[in-house]
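Undergrad: Here you go, one structure.
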Amino acid sequence: MQAVQRTSATTGSGPRRFPLAVLIGSAFALLIAVSLLAGAITAARWHAADRERELQRFLHLKAEQFARSVAEALDNRQRILTLLASRGTVLRAGAEPADAQSLLDAIQHNWPEYAWLGITDADGRIVASSGGVLAGQSAVARDWFRVGRERVFVGGVHEAVMLKGKVRTRASGEPARLMDIAVPVRDAGGRVVGVLAAHLDDIWLEEIRQLSAQTSTDGHAFRLVLMETDGTPIARDAPLAAEVPQLRAEVALPGSPTLAALNWRVQASLPLAELEREVSRFQQRTLAAGLAGALICLPLLLFLARTLARPIKGLSRSVRAARSADSAAAAGAIEVPVGGTTETALLGVEVRDLLDEVQRQRAELLAREAQLRELLHAAPDAIVSVDAERRIVLANPAAEAMFGWPLDQLLGRPLNDLIPPRLHAMHDRHVQGFAASNRPAGAMSRKTDLVARRADGSEFPIEASIFRTSAAGAQWMTAIVRDITERRRAETALHASMLRYRHLFYDHPVPMWV
C-alpha cells in the first residue's frame with residue numbers, strides 16, 4: 001500500500017505541482033509587478049508633493065507679479081496726475097478752462113483707461129473736464145475732492161455715480177466700474193487752489209490680470225483675483241468656491257502708504273483636481289513604462305529561471321533514474337550533474353554522495369535479502385509471519401509443503417485457516433495475550449504444542465515457537481512451525497512397548513528384580 005501511494009504521488013495523481021522554472025519565473029514576475037506598483041505609487045506621491053510645492057511657488061510668484069503690476073500701474077497714473085497738477089494750464093484752469101479741457105481731452109485720448117478727468121477749484125466746483133462732462137457741477141460731496149485737497153487719494157472700484165450714463169459702456173453691455181485718483185493742485189506759494197481728479201475704468205485691471213495670467217503652468221488653469229478687504233473681487237474673474245479643494249497663495253498690494261490703505265490683496269488659486277489628474281497621468285505613464293520594461297526583460301527572466309532550474313532538474317532525473325534502476329550496478333553507473341550555481345553544485349555533490357551511500361546500503365540489503373531468502377528456502381521447518389490483522393505476509397516453501405497451500409494462495413490468507421475451528425478462540429486469546437505483553441521483541445520463553453490444519457482439512461500436531469518483530473513501524477509475529485507427527489508416533493510406539501514390558505515384568509511367574 002505504501003509503495004502504491006508513493007508512486008501515485010510522483011506520477012501526478014496527488015496535489016498539482018509546477019516546474020521550478022515556472023515558479024521562479026512567476027516569483028520574479030510577481031516581484032517585478034509588486035515593485036512596479038510600489039514604485040509607481042511612491043513616484044506618484046513624490047511627484048505630487050514636488051508638483052504641489054512647485055505649483056505653490058508658482059502661484060505665489062504669479063500673485064506677487066500681479067500685485068506688483070497693479071501697484072506699479074497705480075503709481076504711474078498717480079505720478080502722471082501729480083505732474084499734470086504742476087503744469088501751468090491746470091493751474092490756470094479757472095481762467096482758461098478751454099485750454100485745460102484740451103489738455104484733459106488729449107490725455108484721455110492717449111490713455112483710454114481714463115474714463116474722465118476733471119479739475120476743481122478750491123470750493124469744489126468742476127471748472128474743466130474731459131469732453132466737458134460734469135463741468136460746472138460741485139464735487140464737494142465726493143471723497144476724492146475732500147481727501148484730494150490735502151494729499152494724494154486713491155479710492156476703490158465702484159459703480160459710476162456722477163458719471164452714470166455719461167461714460168461709455170462695455171462692449172458686453174456691462175456698466176463701467178470706476179476707480180478714483182485725485183491729487184491737490186497748488187500754486188507757486190504751495191497754497192491749494194483745486195483738485196485734479198481722474199476716474200479710471202477698471203478694464204485696465206482686467207488687462208493687467210490677463211497679461212499676468214498668460215504664463216502657463218503645464219496646461220493647468222489657475223486664477224488670479226484682485227480682491228477688496230471683504231473678499232469682493234475687483235477684477236472680473238471670481239475666485240474659486242471655498243468648498244473646492246485648491247492650492248492658494250495670497251499677497252498684499254505693495255507700494256506707498258496710499259496704496260496700502262486700500263487693503264487690496266491678490267489671490268492666485270488652482271483646483272487640486274488639476275494636480276490629481278496630472279499625478280494620475282504621471283502614474284499611468286510610470287506603470288506603462290515599467291510594464292514595457294518588464295516585457296522587455298521577460299525573456300531574460302525566463303532564461304534565468306531555466307538556467308537556475310536546469311541543474312535541479314538534472315539532479316531530480318538522476319535520483320529518479322537511480323531509484324528505478326533494476327540493479328545496484330546500473331544505479332551506480334548513473335551520472336549525477338554537478339554544476340550551475342555554487343549552491344546547486346554543492347547540492348549535486350551531496351546528492352551524489354547520498355546516492356552512493358544509498359546504493360551501497362541497497363547492495364548490502366539485497367545481499368542480506370538473498371541470504372534470508374536462501375535461509376527461508378533451506379529451512380526444514382515452516383516459517384510463517386502475520387501482520388497486526390493476523391494475515392500471512394511471509395511464508396517459506398516448507399510452509400507450503402506442510403500446510404498444502406500454494407505459496408501464492410498462502411500469502412494474504414488469515415492465520416485461522418491454518419488452525420482447526422475449535423481452537424480459534426483459544427488461539428486468539430493466546431496471541432492477544434502475547435501481543436499485549438510488555439516483553440521485548442524476541443523468542444517466547446516456552447514452546448507450545450498445537451494442532452494445525454492442512455488445506456484438505458486434515459489435522460496434524462505441530463510445535464511452534466513465536467517471535468515478535470518490527471519492520472517499517474509495523475509489528476509482525478513470526479512462528480517457526482515443526483510437524484511432530486512422526487515424533488508423536490514414535491512416542492506412542494515407545495509408550496506401548498513400555499507398557500508391554502511392564503506387564504510382562506509384573507505378570508512373569510519367575511521372580512525377577514532389577
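Each chain in the C-alpha cells gets a letter, A, B, ..., in the order shown, and its residues are numbered from 1; ligands are numbered from 1 in order too.
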Counting only C-alpha atoms, what is within 9 Å of segment 95-99 of chain A, bar same-chain residues fewer than 5 positions away, as a CSV table (one decimal) with C-alpha atoms, in the first residue's frame?
TA:
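Dumped to part-v6.csv:
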chain,number,residue,atom,x,y,z
A,89,THR,CA,-2.5,125.0,-17.8
A,90,VAL,CA,-4.0,123.2,-14.9
A,104,LEU,CA,-7.5,116.6,-20.4
A,127,VAL,CA,-14.0,124.1,-13.8
A,128,ALA,CA,-12.7,121.9,-16.6
A,129,SER,CA,-13.2,118.3,-17.6
Undergrad: Assign secondary structure with DSSP using the backbone only, and return the residues of segment 227-438 of chain A in strand (DSSP E) as a list in words.
TA: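 Restricting segment 227-438 of chain A to strand (DSSP E) produces Met227, Gln246, Leu247, Arg248, Ala249, Glu250, Val251, Ala252, Arg265, Val266, Gln267, Ala268, Ser269, Leu270, Pro271, Ala382, Ile383, Val384, Ser385, Val386, Ile392, Val393, Leu394 and Ala395 of chain A.
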Undergrad: Using only C-alpha atoms, find the one residue out of A:Val193, A:Ala455, A:Ile383, A:Met512 that sits nearest to Phe403 of chain A.
TA: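 Nearest to Phe403 of chain A: A:Ala455.
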Undergrad: Show me, as a ChimeraX atom specification, the residues that have an atom within 6 Å of segment 395-397 of chain A when counting only C-alpha atoms, minus same-chain residues fewer than 6 positions from it.
TA: /A:376-377,383-384
Undergrad: Give me, as number ranges by chain, the residues of segment 91-214 of chain A that a backbone DSSP run labels helix (DSSP H, G or I).
TA: A: 91, 97-110, 130-132, 143-148, 203-212
Undergrad: Pick out the residues sitting within 10 Å of Asp417 of chain A, and hand them over as a list in words; count only C-alpha atoms, and ignore anything fewer than 4 positions along from it in its own chain.
TA: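 So the residues in contact are Arg391, Phe403, Leu410, Arg413, Pro421, His424, Ala452, Arg453, Arg454, Ala455 and Gly457 of chain A.
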Undergrad: Pick out the closest residue to Leu178 of chain A from this set: A:Glu150, A:Asp123, A:Val192, A:Ala115. Count only C-alpha atoms.
TA: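 Distance minimum relative to Leu178 of chain A lands on A:Ala115.
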Undergrad: Just the residues within 10 Å of Arg488 of chain A, please, counting only C-alpha atoms, with nothing from its chain fewer than 5 positions along; format it as a PyMOL selection string.
TA: chain A and resi 461-462+483+493-494
Undergrad: Taking C-alpha atoms for each residue, export the selection above as a compact mmCIF listing (two decimals), in the first residue's frame.
TA:
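The new file out-v8.txt reads:
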# COMPACT_ATOMS: atom_id res chain seq x y z
CA PRO A 461 0.29 -31.94 15.59
CA ILE A 462 2.87 -29.15 15.46
CA ASP A 483 5.42 -31.11 12.11
CA ALA A 493 5.04 -46.83 19.98
CA LEU A 494 7.61 -46.40 22.75
Undergrad: Any idea what's packed within 12 Å of Asp75 of chain A, counting only C-alpha atoms, ignoring anything in its chain fewer than 6 positions away? Could you give it as a short mmCIF file (atom, residue, chain, number, x, y, z; two decimals) with N, CA, C and O atoms, in the first residue's frame?
TA:
data_model
loop_
_atom_site.label_atom_id
_atom_site.label_comp_id
_atom_site.auth_asym_id
_atom_site.auth_seq_id
_atom_site.Cartn_x
_atom_site.Cartn_y
_atom_site.Cartn_z
N ARG A 68 2.31 93.40 -7.97
CA ARG A 68 3.33 94.41 -8.29
C ARG A 68 2.93 95.19 -9.54
O ARG A 68 3.13 96.42 -9.62
N SER A 69 2.34 94.51 -10.53
CA SER A 69 1.91 95.20 -11.76
C SER A 69 0.81 96.20 -11.46
O SER A 69 0.82 97.33 -11.99
N LEU A 81 -0.77 112.22 -12.82
CA LEU A 81 -1.65 113.28 -12.32
C LEU A 81 -0.87 114.32 -11.52
O LEU A 81 -1.16 115.54 -11.59
N THR A 82 0.14 113.84 -10.76
CA THR A 82 0.93 114.78 -9.96
C THR A 82 1.70 115.73 -10.88
O THR A 82 1.80 116.94 -10.62
N VAL A 152 -2.60 112.92 -1.81
CA VAL A 152 -2.97 112.05 -2.93
C VAL A 152 -4.04 111.07 -2.45
O VAL A 152 -3.93 110.47 -1.38
N PHE A 153 -5.06 110.91 -3.27
CA PHE A 153 -6.16 110.00 -2.92
C PHE A 153 -6.26 108.91 -4.00
O PHE A 153 -6.25 109.20 -5.20
N VAL A 154 -6.34 107.68 -3.54
CA VAL A 154 -6.60 106.54 -4.41
C VAL A 154 -7.77 105.79 -3.81
O VAL A 154 -7.68 105.27 -2.69
N ILE A 181 -8.75 108.63 -8.60
CA ILE A 181 -7.43 109.09 -8.20
C ILE A 181 -7.49 110.61 -8.22
O ILE A 181 -7.96 111.21 -9.19
N LEU A 253 -1.10 94.09 -1.63
CA LEU A 253 -0.66 95.02 -2.68
C LEU A 253 0.50 95.85 -2.14
O LEU A 253 0.37 96.53 -1.12
N PRO A 254 1.68 95.77 -2.78
CA PRO A 254 2.82 96.55 -2.27
C PRO A 254 2.71 98.01 -2.71
O PRO A 254 1.84 98.38 -3.48
N GLY A 255 3.64 98.82 -2.23
CA GLY A 255 3.69 100.21 -2.68
C GLY A 255 3.65 101.20 -1.54
O GLY A 255 3.98 100.89 -0.39
N SER A 256 3.18 102.40 -1.86
CA SER A 256 3.18 103.52 -0.92
C SER A 256 2.09 103.34 0.13
O SER A 256 1.19 102.50 -0.02
N PRO A 257 2.14 104.09 1.20
CA PRO A 257 1.06 104.03 2.21
C PRO A 257 -0.31 104.33 1.62
O PRO A 257 -1.32 103.82 2.10
N THR A 258 -0.34 105.15 0.56
CA THR A 258 -1.62 105.44 -0.08
C THR A 258 -2.24 104.18 -0.66
O THR A 258 -3.45 103.93 -0.50
N LEU A 259 -1.43 103.37 -1.32
CA LEU A 259 -1.93 102.12 -1.87
C LEU A 259 -2.21 101.11 -0.76
O LEU A 259 -3.15 100.31 -0.85
N ALA A 260 -1.36 101.12 0.28
CA ALA A 260 -1.58 100.17 1.38
C ALA A 260 -2.90 100.43 2.06
O ALA A 260 -3.52 99.50 2.61
#
